[in-house]
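File shown: work_7.csv (CSV, C-alpha atoms).
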chain,number,residue,atom,x,y,z
A,1,MET,CA,89.1,-132.7,-18.3
A,2,SER,CA,90.4,-135.2,-15.9
A,3,GLU,CA,92.8,-134.5,-13.1
A,4,VAL,CA,95.7,-136.6,-11.8
A,5,ILE,CA,96.4,-136.1,-8.1
A,6,VAL,CA,99.1,-137.7,-6.0
A,7,VAL,CA,98.6,-138.2,-2.3
A,8,THR,CA,101.9,-138.2,-0.6
A,9,SER,CA,103.6,-137.4,2.8
A,10,GLY,CA,107.2,-138.6,3.0
A,11,LYS,CA,106.7,-140.1,6.4
A,12,GLY,CA,104.7,-143.3,6.8
A,13,GLY,CA,101.7,-143.8,8.9
A,14,VAL,CA,100.3,-140.2,8.7
A,15,GLY,CA,97.1,-141.2,6.9
A,16,LYS,CA,97.9,-141.2,3.2
A,17,THR,CA,95.9,-144.3,2.3
A,18,THR,CA,93.0,-143.4,4.6
A,19,SER,CA,92.9,-139.9,3.0
A,20,THR,CA,93.1,-141.3,-0.5
A,21,ALA,CA,90.2,-143.6,0.1
A,22,ASN,CA,88.0,-141.0,1.7
A,23,ILE,CA,88.8,-138.3,-0.8
A,24,GLY,CA,88.0,-140.8,-3.6
A,25,ALA,CA,84.7,-141.7,-1.9
A,26,GLY,CA,83.9,-138.0,-1.4
A,27,LEU,CA,84.4,-137.3,-5.1
A,28,ALA,CA,82.3,-140.3,-6.0
A,29,ARG,CA,79.5,-138.9,-3.8
A,30,MET,CA,79.7,-135.9,-6.1
A,31,ASN,CA,79.0,-138.2,-9.0
A,32,LYS,CA,82.5,-138.1,-10.4
A,33,LYS,CA,84.2,-141.0,-12.0
A,34,VAL,CA,87.2,-141.8,-9.8
A,35,VAL,CA,90.0,-144.3,-9.8
A,36,LEU,CA,92.3,-144.8,-6.8
A,37,VAL,CA,95.7,-146.3,-7.8
A,38,ASP,CA,97.8,-148.0,-5.1
A,39,THR,CA,101.3,-147.3,-6.3
A,40,ASP,CA,103.0,-148.9,-3.3
A,41,ILE,CA,104.3,-152.0,-5.1
A,42,GLY,CA,105.1,-154.9,-2.7
A,43,LEU,CA,103.1,-153.4,0.2
A,44,ARG,CA,99.4,-153.5,-0.7
A,45,ASN,CA,97.2,-151.4,1.6
A,46,LEU,CA,94.5,-149.4,-0.2
A,47,ASP,CA,92.5,-152.5,-1.1
A,48,VAL,CA,92.2,-153.3,2.6
A,49,VAL,CA,91.2,-149.8,3.6
A,50,MET,CA,88.5,-149.9,0.9
A,51,GLY,CA,87.4,-153.4,1.9
A,52,LEU,CA,88.1,-154.8,-1.5
A,53,GLU,CA,90.9,-157.2,-0.6
A,54,ASN,CA,89.0,-160.3,-1.6
A,55,ARG,CA,88.2,-159.1,-5.1
A,56,ILE,CA,91.6,-158.7,-6.6
A,57,ILE,CA,92.4,-160.7,-9.7
A,58,TYR,CA,94.9,-158.6,-11.7
A,59,ASN,CA,97.0,-155.7,-10.5
A,60,LEU,CA,98.9,-152.6,-11.6
A,61,VAL,CA,102.0,-154.6,-12.6
A,62,ASP,CA,99.8,-157.0,-14.7
A,63,VAL,CA,98.5,-154.0,-16.6
A,64,VAL,CA,102.0,-152.5,-17.1
A,65,GLU,CA,103.4,-155.8,-18.3
A,66,GLY,CA,100.5,-156.4,-20.6
A,67,ASN,CA,99.1,-159.5,-18.9
A,68,CYS,CA,95.6,-158.0,-18.9
A,69,ARG,CA,93.7,-154.9,-20.1
A,70,ILE,CA,93.3,-151.9,-17.8
A,71,LYS,CA,89.5,-152.6,-17.4
A,72,GLN,CA,90.2,-156.1,-16.2
A,73,ALA,CA,92.3,-155.0,-13.3
A,74,LEU,CA,89.9,-152.3,-12.1
A,75,ILE,CA,87.7,-153.2,-9.1
A,76,ARG,CA,84.5,-151.4,-8.6
A,77,ASP,CA,83.8,-150.1,-5.1
A,78,LYS,CA,81.0,-151.8,-3.0
A,79,HIS,CA,79.2,-148.6,-2.3
A,80,TYR,CA,79.9,-146.1,-5.0
A,81,PRO,CA,79.4,-147.2,-8.6
A,82,GLY,CA,81.7,-144.4,-9.9
A,83,LEU,CA,84.6,-145.4,-7.7
A,84,TYR,CA,87.2,-147.9,-8.8
A,85,LEU,CA,90.5,-149.3,-7.4
A,86,LEU,CA,93.6,-150.3,-9.3
A,87,PRO,CA,95.4,-152.5,-6.8
A,88,SER,CA,99.2,-152.8,-6.5
A,89,ALA,CA,101.1,-156.1,-6.7
A,90,GLN,CA,101.9,-157.8,-3.5
A,91,THR,CA,104.6,-160.2,-4.7
A,92,ARG,CA,106.7,-157.8,-6.7
A,93,ASP,CA,109.0,-154.9,-5.8
A,94,LYS,CA,109.4,-151.2,-6.5
A,95,SER,CA,111.6,-151.7,-9.5
A,96,ALA,CA,108.8,-153.6,-11.4
A,97,VAL,CA,107.5,-150.3,-12.8
A,98,SER,CA,109.3,-147.3,-14.3
A,99,PRO,CA,108.1,-143.7,-14.2
A,100,GLU,CA,107.5,-143.9,-18.0
A,101,GLN,CA,105.3,-146.9,-17.6
A,102,MET,CA,103.4,-145.2,-14.8
A,103,ILE,CA,102.8,-142.1,-17.0
A,104,LYS,CA,101.5,-144.4,-19.8
A,105,LEU,CA,99.2,-146.2,-17.4
A,106,VAL,CA,97.8,-143.0,-16.0
A,107,ASP,CA,97.3,-141.7,-19.5
A,108,GLY,CA,95.1,-144.7,-20.2
A,109,LEU,CA,93.1,-144.1,-17.0
A,110,THR,CA,92.5,-140.4,-17.8
A,111,GLN,CA,90.5,-141.6,-20.8
A,112,ILE,CA,88.0,-143.3,-18.5
A,113,PHE,CA,88.0,-141.2,-15.3
A,114,ASP,CA,87.4,-137.7,-14.1
A,115,TYR,CA,89.9,-138.1,-11.3
A,116,VAL,CA,92.9,-140.4,-11.1
A,117,ILE,CA,94.2,-140.4,-7.5
A,118,LEU,CA,97.6,-142.0,-6.8
A,119,ASP,CA,98.3,-143.3,-3.3
A,120,CYS,CA,102.0,-142.7,-3.0
A,121,PRO,CA,104.3,-145.0,-0.9
A,122,ALA,CA,106.2,-143.5,2.1
A,123,GLY,CA,109.8,-142.4,1.4
A,124,ILE,CA,111.4,-140.6,-1.5
A,125,GLU,CA,112.6,-143.5,-3.6
A,126,GLN,CA,111.4,-145.0,-6.8
A,127,GLY,CA,107.8,-145.5,-5.7
A,128,PHE,CA,107.6,-141.8,-4.9
A,129,ARG,CA,109.2,-140.9,-8.2
A,130,ASN,CA,106.8,-143.2,-10.1
A,131,ALA,CA,103.7,-141.7,-8.5
A,132,THR,CA,104.8,-138.1,-8.8
A,133,ALA,CA,106.0,-138.4,-12.4
A,134,ALA,CA,102.4,-139.0,-13.5
A,135,ALA,CA,100.7,-136.4,-11.4
A,136,GLN,CA,99.7,-132.7,-12.2
A,137,ARG,CA,98.7,-131.9,-8.7
A,138,ALA,CA,99.7,-133.1,-5.2
A,139,VAL,CA,98.0,-133.4,-1.8
A,140,VAL,CA,100.6,-133.6,1.0
A,141,VAL,CA,99.4,-135.2,4.2
A,142,THR,CA,101.0,-134.3,7.5
A,143,THR,CA,100.2,-134.5,11.2
A,144,PRO,CA,101.0,-131.8,13.8
A,145,GLU,CA,104.2,-133.5,14.8
A,146,VAL,CA,107.7,-132.3,14.3
A,147,SER,CA,108.8,-135.5,12.4
A,148,SER,CA,106.0,-135.5,9.8
A,149,ILE,CA,106.2,-131.7,9.3
A,150,ARG,CA,109.9,-132.0,8.5
A,151,ASP,CA,109.2,-134.8,6.0
A,152,ALA,CA,106.3,-132.9,4.5
A,153,ASP,CA,108.6,-129.9,3.9
A,154,ARG,CA,111.2,-132.1,2.2
A,155,ILE,CA,108.4,-133.6,0.0
A,156,ILE,CA,107.1,-130.2,-0.9
A,157,GLY,CA,110.6,-129.2,-2.0
A,158,LEU,CA,110.9,-132.3,-4.2
A,159,LEU,CA,107.4,-131.8,-5.7
A,160,GLU,CA,108.2,-128.2,-6.6
A,161,ALA,CA,111.5,-129.2,-8.1
A,162,GLY,CA,109.7,-131.9,-10.0
A,163,GLY,CA,107.5,-129.3,-11.6
A,164,ILE,CA,104.2,-130.0,-9.8
A,165,LYS,CA,102.4,-126.6,-9.8
A,166,LYS,CA,99.6,-127.2,-7.5
A,167,ILE,CA,100.4,-128.5,-4.0
A,168,ASP,CA,97.9,-128.6,-1.2
A,169,LEU,CA,98.1,-129.6,2.4
A,170,ILE,CA,96.0,-131.8,4.6
A,171,VAL,CA,96.7,-131.6,8.4
A,172,ASN,CA,95.6,-134.9,9.8
A,173,ARG,CA,94.9,-136.1,13.4
A,174,ILE,CA,94.3,-132.8,15.0
A,175,ARG,CA,93.2,-133.1,18.6
A,176,VAL,CA,91.3,-130.0,19.5
A,177,ASP,CA,91.5,-130.7,23.2
A,178,MET,CA,95.3,-130.9,23.1
A,179,VAL,CA,95.6,-127.8,20.9
A,180,ARG,CA,93.5,-125.9,23.3
A,181,ARG,CA,95.8,-126.9,26.2
A,182,GLY,CA,98.8,-125.9,24.1
A,183,GLU,CA,100.1,-129.4,24.0
A,184,MET,CA,99.8,-129.8,20.2
A,185,MET,CA,100.6,-127.6,17.3
A,186,SER,CA,97.5,-126.0,15.8
A,187,VAL,CA,96.6,-126.1,12.0
A,188,GLU,CA,97.8,-122.4,11.8
A,189,ASP,CA,101.2,-123.4,13.4
A,190,VAL,CA,101.7,-126.1,10.8
A,191,LEU,CA,100.7,-123.6,8.0
A,192,ASP,CA,103.2,-121.0,9.4
A,193,ILE,CA,106.0,-123.5,9.0
A,194,LEU,CA,105.1,-125.2,5.7
A,195,ALA,CA,103.6,-122.1,3.9
A,196,VAL,CA,101.4,-124.1,1.4
A,197,HIS,CA,97.7,-123.9,0.7
A,198,LEU,CA,95.5,-125.7,3.2
A,199,LEU,CA,93.0,-128.2,1.7
A,200,GLY,CA,91.6,-129.2,5.0
A,201,ALA,CA,92.2,-130.4,8.5
A,202,ILE,CA,91.0,-133.8,9.8
A,203,PRO,CA,90.2,-134.2,13.5
A,204,ASP,CA,91.7,-137.3,15.3
A,205,GLU,CA,88.5,-139.3,15.8
A,206,GLU,CA,87.7,-142.9,16.7
A,207,SER,CA,85.3,-143.0,13.8
A,208,VAL,CA,88.2,-143.0,11.3
A,209,VAL,CA,89.8,-146.1,12.9
A,210,ILE,CA,86.4,-147.8,13.2
A,211,ALA,CA,85.5,-147.2,9.6
A,212,ALA,CA,88.9,-148.5,8.5
A,213,ASN,CA,88.4,-151.6,10.7
A,214,HIS,CA,85.3,-152.4,8.6
A,215,GLY,CA,86.8,-151.4,5.3
A,216,GLU,CA,84.4,-148.5,5.1
A,217,TYR,CA,84.7,-144.7,4.6
A,218,VAL,CA,84.1,-142.0,7.1
A,219,VAL,CA,83.0,-139.8,4.3
A,220,GLY,CA,79.2,-139.8,4.2
A,221,SER,CA,78.9,-140.5,7.9
A,222,ASP,CA,77.7,-138.0,10.4
A,223,THR,CA,81.1,-137.4,11.9
A,224,LEU,CA,83.4,-134.4,11.9
A,225,SER,CA,86.1,-136.3,10.1
A,226,GLY,CA,83.6,-137.4,7.5
A,227,GLN,CA,82.5,-133.8,7.0
A,228,ALA,CA,86.1,-132.7,6.8
A,229,TYR,CA,86.9,-135.2,4.1
A,230,MET,CA,83.7,-134.3,2.2
A,231,ASN,CA,84.8,-130.6,2.3
A,232,ILE,CA,88.2,-131.6,1.0
A,233,ALA,CA,86.6,-133.4,-2.0
A,234,ARG,CA,84.4,-130.4,-2.7
A,235,ARG,CA,87.4,-128.1,-2.6
A,236,ILE,CA,89.3,-130.4,-5.0
A,237,CYS,CA,86.4,-129.8,-7.4
A,238,GLY,CA,86.9,-126.1,-7.1
A,239,GLU,CA,84.1,-125.3,-4.7
A,240,THR,CA,84.7,-122.7,-2.0
A,241,VAL,CA,83.8,-124.3,1.3
A,242,PRO,CA,84.2,-122.5,4.6
A,243,ARG,CA,86.5,-124.1,7.2
A,244,LEU,CA,84.9,-126.7,9.4
A,245,ASP,CA,84.7,-125.8,13.1
A,246,LEU,CA,86.6,-128.7,14.7
A,247,GLU,CA,85.3,-127.7,18.1
A,248,ALA,CA,81.7,-128.3,17.1
A,249,GLY,CA,81.7,-131.5,19.1
A,250,THR,CA,82.9,-129.9,22.4
A,251,THR,CA,80.5,-128.5,24.9
A,252,LEU,CA,79.9,-124.8,25.5
A,253,PHE,CA,81.2,-125.1,29.0
A,254,ARG,CA,84.5,-126.5,27.9
A,255,ARG,CA,84.8,-123.7,25.3
A,256,MET,CA,84.1,-121.1,27.9
A,257,THR,CA,86.7,-122.5,30.3
A,258,SER,CA,89.3,-122.6,27.6
A,259,LEU,CA,88.6,-119.0,26.8
A,260,PHE,CA,89.5,-118.1,30.4
A,261,ARG,CA,92.5,-120.3,30.5
A,262,ARG,CA,93.9,-118.7,27.4
A,263,LYS,CA,94.2,-115.4,29.5
B,1,MET,CA,119.6,-124.2,25.7
B,2,ARG,CA,116.3,-125.2,27.3
B,3,THR,CA,116.3,-124.4,31.0
B,4,HIS,CA,113.9,-125.7,33.6
B,5,GLN,CA,112.3,-122.3,33.8
B,6,ASP,CA,111.9,-122.2,30.1
B,7,ARG,CA,110.2,-125.6,30.0
B,8,SER,CA,107.7,-124.6,32.7
B,9,ARG,CA,106.8,-121.4,30.8
B,10,ARG,CA,106.4,-122.8,27.3
B,11,THR,CA,103.8,-125.4,26.4
B,12,SER,CA,104.9,-128.5,24.6
B,13,GLY,CA,103.0,-127.3,21.5
B,14,GLU,CA,105.1,-124.1,21.4
B,15,ILE,CA,108.3,-126.2,21.9
B,16,ALA,CA,107.2,-128.5,19.0
B,17,LYS,CA,106.6,-125.5,16.7
B,18,ALA,CA,110.0,-124.0,17.5
B,19,ARG,CA,111.7,-127.3,16.9
B,20,ALA,CA,109.8,-127.9,13.6
B,21,GLU,CA,110.8,-124.4,12.4
B,22,LEU,CA,114.4,-125.0,13.2
B,23,THR,CA,114.7,-128.4,11.6
B,24,VAL,CA,112.8,-127.3,8.5
B,25,THR,CA,115.0,-124.2,8.2
B,26,SER,CA,118.3,-126.1,8.6
B,27,ASP,CA,117.0,-128.7,6.1
B,28,ARG,CA,116.2,-126.0,3.5
B,29,LEU,CA,119.5,-124.3,4.0
B,30,ASP,CA,121.3,-127.6,4.2
B,31,CYS,CA,123.3,-126.4,7.1
B,32,SER,CA,123.1,-127.3,10.8
B,33,GLN,CA,121.2,-125.4,13.5
B,34,ASP,CA,124.5,-124.2,15.0
B,35,GLU,CA,125.6,-122.9,11.6
B,36,THR,CA,122.3,-121.1,11.1
B,37,ALA,CA,122.7,-119.4,14.5
B,38,ARG,CA,126.2,-118.4,13.6
B,39,MET,CA,125.1,-117.1,10.2
B,40,ARG,CA,122.4,-115.1,11.9
B,41,GLU,CA,124.9,-113.6,14.3
B,42,GLU,CA,127.3,-112.6,11.5
B,43,ILE,CA,124.5,-111.1,9.3
B,44,MET,CA,123.3,-109.1,12.3
B,45,ASN,CA,126.8,-107.8,13.0
B,46,VAL,CA,127.3,-106.7,9.4
B,47,LEU,CA,123.9,-105.0,9.3
B,48,SER,CA,124.4,-103.2,12.6
B,49,LYS,CA,127.6,-101.7,11.2
B,50,TYR,CA,125.5,-99.6,8.9
B,51,MET,CA,122.2,-99.2,10.7
B,52,SER,CA,121.0,-99.2,14.3
B,53,LEU,CA,119.0,-102.3,15.0
B,54,GLU,CA,117.4,-104.0,17.9
B,55,LYS,CA,118.1,-107.7,17.6
B,56,GLU,CA,114.6,-108.8,18.8
B,57,THR,CA,112.7,-106.8,16.2
B,58,VAL,CA,114.7,-107.8,13.1
B,59,GLU,CA,113.5,-110.5,10.8
B,60,ILE,CA,116.0,-111.9,8.3
B,61,ARG,CA,114.6,-113.4,5.2
B,62,LEU,CA,116.9,-115.3,2.9
B,63,GLN,CA,115.8,-116.1,-0.6
B,64,ILE,CA,117.5,-119.0,-2.2
B,65,ALA,CA,117.2,-119.7,-5.9
B,66,SER,CA,118.7,-122.7,-7.5
B,67,ARG,CA,118.5,-124.5,-10.8
B,68,THR,CA,117.4,-128.1,-10.6
B,69,LYS,CA,118.4,-130.8,-13.1
B,70,ARG,CA,115.2,-130.3,-15.1
B,71,GLY,CA,116.1,-126.7,-15.6
B,72,LEU,CA,113.3,-125.5,-13.3
B,73,LYS,CA,113.8,-122.8,-10.9
B,74,ASP,CA,113.2,-123.6,-7.2
B,75,VAL,CA,112.9,-120.5,-5.1
B,76,LYS,CA,112.6,-120.8,-1.4
B,77,THR,CA,112.2,-117.9,1.0
B,78,ILE,CA,113.6,-118.8,4.4
B,79,GLN,CA,113.0,-116.8,7.5
B,80,ILE,CA,115.8,-116.8,10.0
B,81,LYS,CA,114.3,-115.2,13.0

This entry written out as structure tokens:
Amino acid sequence: MSEVIVVTSGKGGVGKTTSTANIGAGLARMNKKVVLVDTDIGLRNLDVVMGLENRIIYNLVDVVEGNCRIKQALIRDKHYPGLYLLPSAQTRDKSAVSPEQMIKLVDGLTQIFDYVILDCPAGIEQGFRNATAAAQRAVVVTTPEVSSIRDADRIIGLLEAGGIKKIDLIVNRIRVDMVRRGEMMSVEDVLDILAVHLLGAIPDEESVVIAANHGEYVVGSDTLSGQAYMNIARRICGETVPRLDLEAGTTLFRRMTSLFRRK
Amino acid sequence: MRTHQDRSRRTSGEIAKARAELTVTSDRLDCSQDETARMREEIMNVLSKYMSLEKETVEIRLQIASRTKRGLKDVKTIQIK
């Protein structure tokens, strides 16, 4: 049984594409066959994050329009033999694909893969409708900021109205030091407001930026964010994984002082 | 109203949470924050006619059910402090 998951957020720049790539890589590490689909037509991103930008020949619109077969457009990842990318078109616009065409395309992909992960564009327009029409399950990415929480709530409402039964949340870019000082909302604060199931929290680490700079994944590296994404992949597969201690990197002294400061 | 004293007492994280809760609530209800506050006031007035309440300890939950175009039911429970 293959699963179709849309990664979405409403607001742009919260880490949808990075999350898509790392979840995909995490699933591939568990020996799943995974395809990541960049549904942001006109603004191609996922290929760059995965470091595959030089290998694109055909794209999603070519498949939809029948210029090539699905397998011709799929690009195999550099590291994981079970991970593939279906890139979006750079020179076309959102109206090039309809929700019906997207559903048909995804149907074709479910014949080949265990997981089809759709990287949704920002916003709630056609690109969002296309990506969500084909999905059974959604992962909403947010950061602990008022603006992205507001957008996430809107998106959750739209997903529920669209009939998506399973909606999970990723809280991205948590800075434990700021949360400790009370200068950032905690994961619990975000969950209080949005009231959806938490799939995982990702700490704001340099390693995420550095990996993306190289077109690599943090998953598989010995970093907290890498572990956090790996845990998310395992939870997607149905495993019960205890929550990661995001304070693991901080010293005992700082933890002690924060205990006293909390009064 | 956020006074200077208020600002020095609450951390920016707490302020952010309160703001996020307010915007999300008014988005879900599709009415402004002022209107939400007025609605709360009115509901409290009605309730206090029939029972004795302390304003601080009361939690009002509003359940809104609507039918969307696809015929699905979208139920949201909204908590107005």

Quick check, in Å to one decimal: how far apart do CA of Met1 (chain A) and CA of Pro99 (chain A) lie?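 Computing the Euclidean distance for CA of Met1 (chain A) and CA of Pro99 (chain A) yields 22.3 Å.
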
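Between CA of Ser186 (chain A) and CA of Arg10 (chain B) lies a distance of 14.9 Å.
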
Which distance in Å separates CA of Arg154 (chain A) and CA of Ala135 (chain A), to one decimal? 17.7 Å

Tell me as a PyMOL selection string which residues belonging to chain A come within 6 Å of chain B, counting only C-alpha atoms. chain A and resi 146+150+161+182-185+193

Could the residues of region 150-186 of chain A that have an atom at most 12 Å from region 3-7 of chain A be listed as JSON lines, each with its closest atom pair and the distance in Å to one decimal, counting all atoms listed in the file and ordered by chain and ascending residue number?
{"residue": "A:Ala152", "atom": "CA", "partner": "A:Val7", "partner_atom": "CA", "distance": 11.6}
{"residue": "A:Ile155", "atom": "CA", "partner": "A:Val7", "partner_atom": "CA", "distance": 11.1}
{"residue": "A:Ile156", "atom": "CA", "partner": "A:Val7", "partner_atom": "CA", "distance": 11.8}
{"residue": "A:Leu159", "atom": "CA", "partner": "A:Val6", "partner_atom": "CA", "distance": 10.2}
{"residue": "A:Ile164", "atom": "CA", "partner": "A:Val6", "partner_atom": "CA", "distance": 10.0}
{"residue": "A:Lys165", "atom": "CA", "partner": "A:Ile5", "partner_atom": "CA", "distance": 11.4}
{"residue": "A:Lys166", "atom": "CA", "partner": "A:Ile5", "partner_atom": "CA", "distance": 9.5}
{"residue": "A:Ile167", "atom": "CA", "partner": "A:Val6", "partner_atom": "CA", "distance": 9.5}
{"residue": "A:Asp168", "atom": "CA", "partner": "A:Val7", "partner_atom": "CA", "distance": 9.7}
{"residue": "A:Leu169", "atom": "CA", "partner": "A:Val7", "partner_atom": "CA", "distance": 9.8}
{"residue": "A:Ile170", "atom": "CA", "partner": "A:Val7", "partner_atom": "CA", "distance": 9.8}

Just the residues within 6 Å of region 14-24 of chain A, please, counting only C-alpha atoms, with nothing from its chain fewer than 2 positions along; format it as a tab-separated table (two decimals) with C-alpha atoms, in the coordinates of the input.
chain	number	residue	atom	x	y	z
A	12	GLY	CA	104.70	-143.30	6.80
A	26	GLY	CA	83.90	-138.00	-1.40
A	27	LEU	CA	84.40	-137.30	-5.10
A	46	LEU	CA	94.50	-149.40	-0.20
A	217	TYR	CA	84.70	-144.70	4.60
A	219	VAL	CA	83.00	-139.80	4.30
A	233	ALA	CA	86.60	-133.40	-2.00

Could you check which residues have any atom within 10 Å of (88.7, -143.1, -17.5), counting only C-alpha atoms with coordinates taken straight from the file, and then list them as a PyMOL selection string? chain A and resi 2+33-35+70-71+106-116
